[in-house]
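A.B. asks: One structure is given below, represented as structure tokens, and several questions about it will come after.
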Amino acid sequence: MHKRFSGSFTQQSALPEASLRAAERVLGSAALHRYQTDDGQQSETACLEQEFANWQGADYCLAVASGGQAMQLALRAAGVAIGDPVLTNAFTLAPVPGAIRAVGAAPVLVEITRDLVIDLDDLEQKVKSSGAKVLLLSHMRGHIPDMTAIMQIVQAADVTVIEDCAHTMGATWQGEKSGNFGTFGCFSTQTYKHMNSGEGGLLTTGDPTLAAKAIIMSGSYMNYDRHGAMPGPMYFADAKYDCPNMSARMDNLRAAILRPQLERLDEAVAGWNQRAKLIAEKLLGLSPYVYCPKALDGAMRVGSSIQFCLPGQTAAQCQAVVRDLATRGVEVKWFGHAEPHGFTSQHKHWRYMDAQSLPQTDEVIQTLFDMRVPLSFDEADCLLIADILVEVLQAQAIAGEAA
């Protein structure tokens, strides 16, 4: 009898009791709008902004409706105009090039390495050839590139960096938190991210002028003085007239749910990494048939998901892996589908942008698999899942050799 996992890969861990009590308090008050406060009173959203800024080590923080809205606000505040080229990773989630197109700009995709980080040589070449003045750097699935080298490349060319940290809330490069290298850090609090409010986002920066622009564009209705981690009033003197209202605010209910989660975030990061390590250690024994992307020296990712590649396998063989694992209760996603599948679409599916030749990226993602590791799993769950992965992948390797 084959081992089988009976848990859920989409069931997140329960929200803290403090989040439930905070939600009840906000609902009971009916003060859901972030500016629905009395004079001198701080809203839940303003408190979250200050608390997240303190935790992140950022000067300014803006709570918004989604991670995608955070990226769009960052791009607009950074001065990206219609038709401008904007660099980004070729391997990312659809909302990243989507944010670039949403502001009317043109995504210029940069190759990735087999370790799922942006390729520095291709980045340097495309910085020169594209004329782009903004890099929207996506830390896709939590894999952090050499941020020291990247900042040297972009600073030499006067390129602004906006970090997409949807998968790296709490991750670090040489001890510095992801999101603190670029001009902006963009975070998501969508259900499958590191804090859960269903939808939501946070935008951080150390630039007071750009922070003021983002606050006005988020839809402050001139209530910018009711924000938590904001610049002084002089920075709003022009922004309040020059920046359009995009109605991208977070509400008090979501902020109230998030604040207790932020208090436990460091503990959650440690929990994800412990679980991911248990599974990854088993997969490493399947090399070279299975390739697990390696973290660069100096990078500490958050192991809320695991990725692996099956180099040389055909599309049919990759589909067989997904199917065989599913029969054993293990849910993995494959990035090589000809058609977009949920969270695993790829650049060939994004017809709202110009098609681009990316052979290195295509080779990687053709056999790339992705698996969530929710905190609802315990140690026994992780070890069982790892055993099933090893059994199925070994069987596929044997079948492939026989064929």
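Chain labels follow the order of the structure tokens: the first chain is A, the next B, and so on; residue numbering restarts at 1 in every chain, and ligands are counted from 1 in their shown order.
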Going by DSSP on the backbone, which residues of stretch 323-379 of chain A come out as strand (DSSP E or B)? List them as number ranges by chain.
C.D. replies: A: 333-334, 368-372
A.B. asks: Distance table requested - stretch 234-352 of chain A against stretch 81-101 of chain A, cut-off 8 Å, only C-alpha atoms: one row per qualifying residue with the closest atom pair and its distance in Å to one decimal, ordered by chain and rising residue number, as CSV.
C.D. replies:
residue,atom,partner,partner_atom,distance
A:Phe343,CA,A:Leu93,CA,6.7
A:Thr344,CA,A:Leu93,CA,7.2
A:Ser345,CA,A:Ala94,CA,6.8
A:Gln346,CA,A:Phe91,CA,6.9
A:His347,CA,A:Ala90,CA,6.6
A:Trp350,CA,A:Ala94,CA,7.6
A:Tyr352,CA,A:Arg101,CA,7.5
A.B. asks: Can you work out which one of A:Leu358, A:Ala70, A:Val80, A:Val330 has the shortest atom-to-atom distance to A:Lys3, counting only C-alpha atoms?
C.D. replies: A:Val330
A.B. asks: Rounded to one decimal place, report the atom CA of A:Pro260-atom CA of A:Ala18 distance in Å.
C.D. replies: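 So the two atoms, atom CA of A:Pro260 and atom CA of A:Ala18, lie 6.0 Å apart.
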A.B. asks: Please identify all polymer residues within 10 Å of A:Thr10, counting only C-alpha atoms, omitting same-chain residues fewer than 6 positions from it, and present them as a list in words.
C.D. replies: Thr191, Tyr192, Glu331, Arg372, Val373, Pro374 and Ser376 of chain A
A.B. asks: Would you mind exporting the chosen residues as an mmCIF file, in the first residue's frame, restricted to N, CA and C atoms?
C.D. replies:
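Generated output (selection-v3.cif):
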data_model
loop_
_atom_site.group_PDB
_atom_site.id
_atom_site.type_symbol
_atom_site.label_atom_id
_atom_site.label_comp_id
_atom_site.auth_asym_id
_atom_site.auth_seq_id
_atom_site.Cartn_x
_atom_site.Cartn_y
_atom_site.Cartn_z
ATOM 1 N N THR A 191 -4.065 35.895 0.714
ATOM 2 C CA THR A 191 -4.197 34.722 1.574
ATOM 3 C C THR A 191 -2.984 33.815 1.569
ATOM 4 N N TYR A 192 -2.339 33.603 0.420
ATOM 5 C CA TYR A 192 -1.239 32.652 0.353
ATOM 6 C C TYR A 192 0.124 33.304 0.561
ATOM 7 N N GLU A 331 -0.103 17.925 -3.816
ATOM 8 C CA GLU A 331 -0.463 18.881 -4.863
ATOM 9 C C GLU A 331 0.750 19.721 -5.262
ATOM 10 N N ARG A 372 3.324 24.422 -2.322
ATOM 11 C CA ARG A 372 3.148 25.222 -1.113
ATOM 12 C C ARG A 372 3.524 24.411 0.120
ATOM 13 N N VAL A 373 3.997 25.115 1.148
ATOM 14 C CA VAL A 373 4.301 24.494 2.439
ATOM 15 C C VAL A 373 3.623 25.326 3.529
ATOM 16 N N PRO A 374 2.325 25.165 3.720
ATOM 17 C CA PRO A 374 1.616 25.987 4.705
ATOM 18 C C PRO A 374 1.991 25.640 6.137
ATOM 19 N N SER A 376 0.057 25.084 8.395
ATOM 20 C CA SER A 376 -0.882 24.092 8.916
ATOM 21 C C SER A 376 -0.289 22.685 8.891
#
A.B. asks: Residues at most 7 Å from A:Met371, counting only C-alpha atoms, excluding those fewer than 2 positions away in the same chain, as a ChimeraX atom specification?
C.D. replies: /A:305-307,331-333,369,373
A.B. asks: Would you list the contacts of A:Ala214 as a ChimeraX atom specification, taking every protein, DNA or RNA residue within 10 Å and counting only C-alpha atoms, but skipping same-chain residues closer than 2 positions in sequence?
C.D. replies: /A:61-62,64,70,72-78,203-205,208-212,216-220,239,243-246,248
A.B. asks: Closest to A:Val364 among A:Glu24, A:Glu111, A:Glu44, A:Asp121, using only C-alpha atoms?
C.D. replies: A:Glu111
A.B. asks: What are the DSSP alpha helix (DSSP H) residues of stretch 149-312 of chain A, as a VMD selection string?
C.D. replies: chain A and resid 149 to 156 208 to 217 239 to 242 252 to 263 265 to 283
A.B. asks: Set the distance at 9 Å and use only C-alpha atoms: which residues neighbour A:Leu202 once local chain neighbours fewer than 3 positions away are removed? I'd like the list as a VMD selection string.
C.D. replies: chain A and resid 49 52 61 to 67 70 185 to 189 250
A.B. asks: Just the residues within 7 Å of stretch 154-160 of chain A, please, counting only C-alpha atoms, with nothing from its chain fewer than 3 positions along; format it as a PyMOL selection string.
C.D. replies: chain A and resi 133-135+150-151+183
A.B. asks: Rounded to one decimal place, report the atom CA of A:Gly228-atom CA of A:Leu27 distance in Å.
C.D. replies: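 Distance reported for this atom pair: 21.1 Å.
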A.B. asks: Calculated over only C-alpha atoms, which of the candidates A:Pro107, A:Met71, A:Ile279, A:Trp173 has the smallest distance to A:Ala380?
C.D. replies: A:Ile279
A.B. asks: Closest to A:Trp55 among A:Asn180, A:Thr314, A:Asn252, A:Ser197, using only C-alpha atoms?
C.D. replies: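 Closest residue, counting only C-alpha atoms: A:Asn180.
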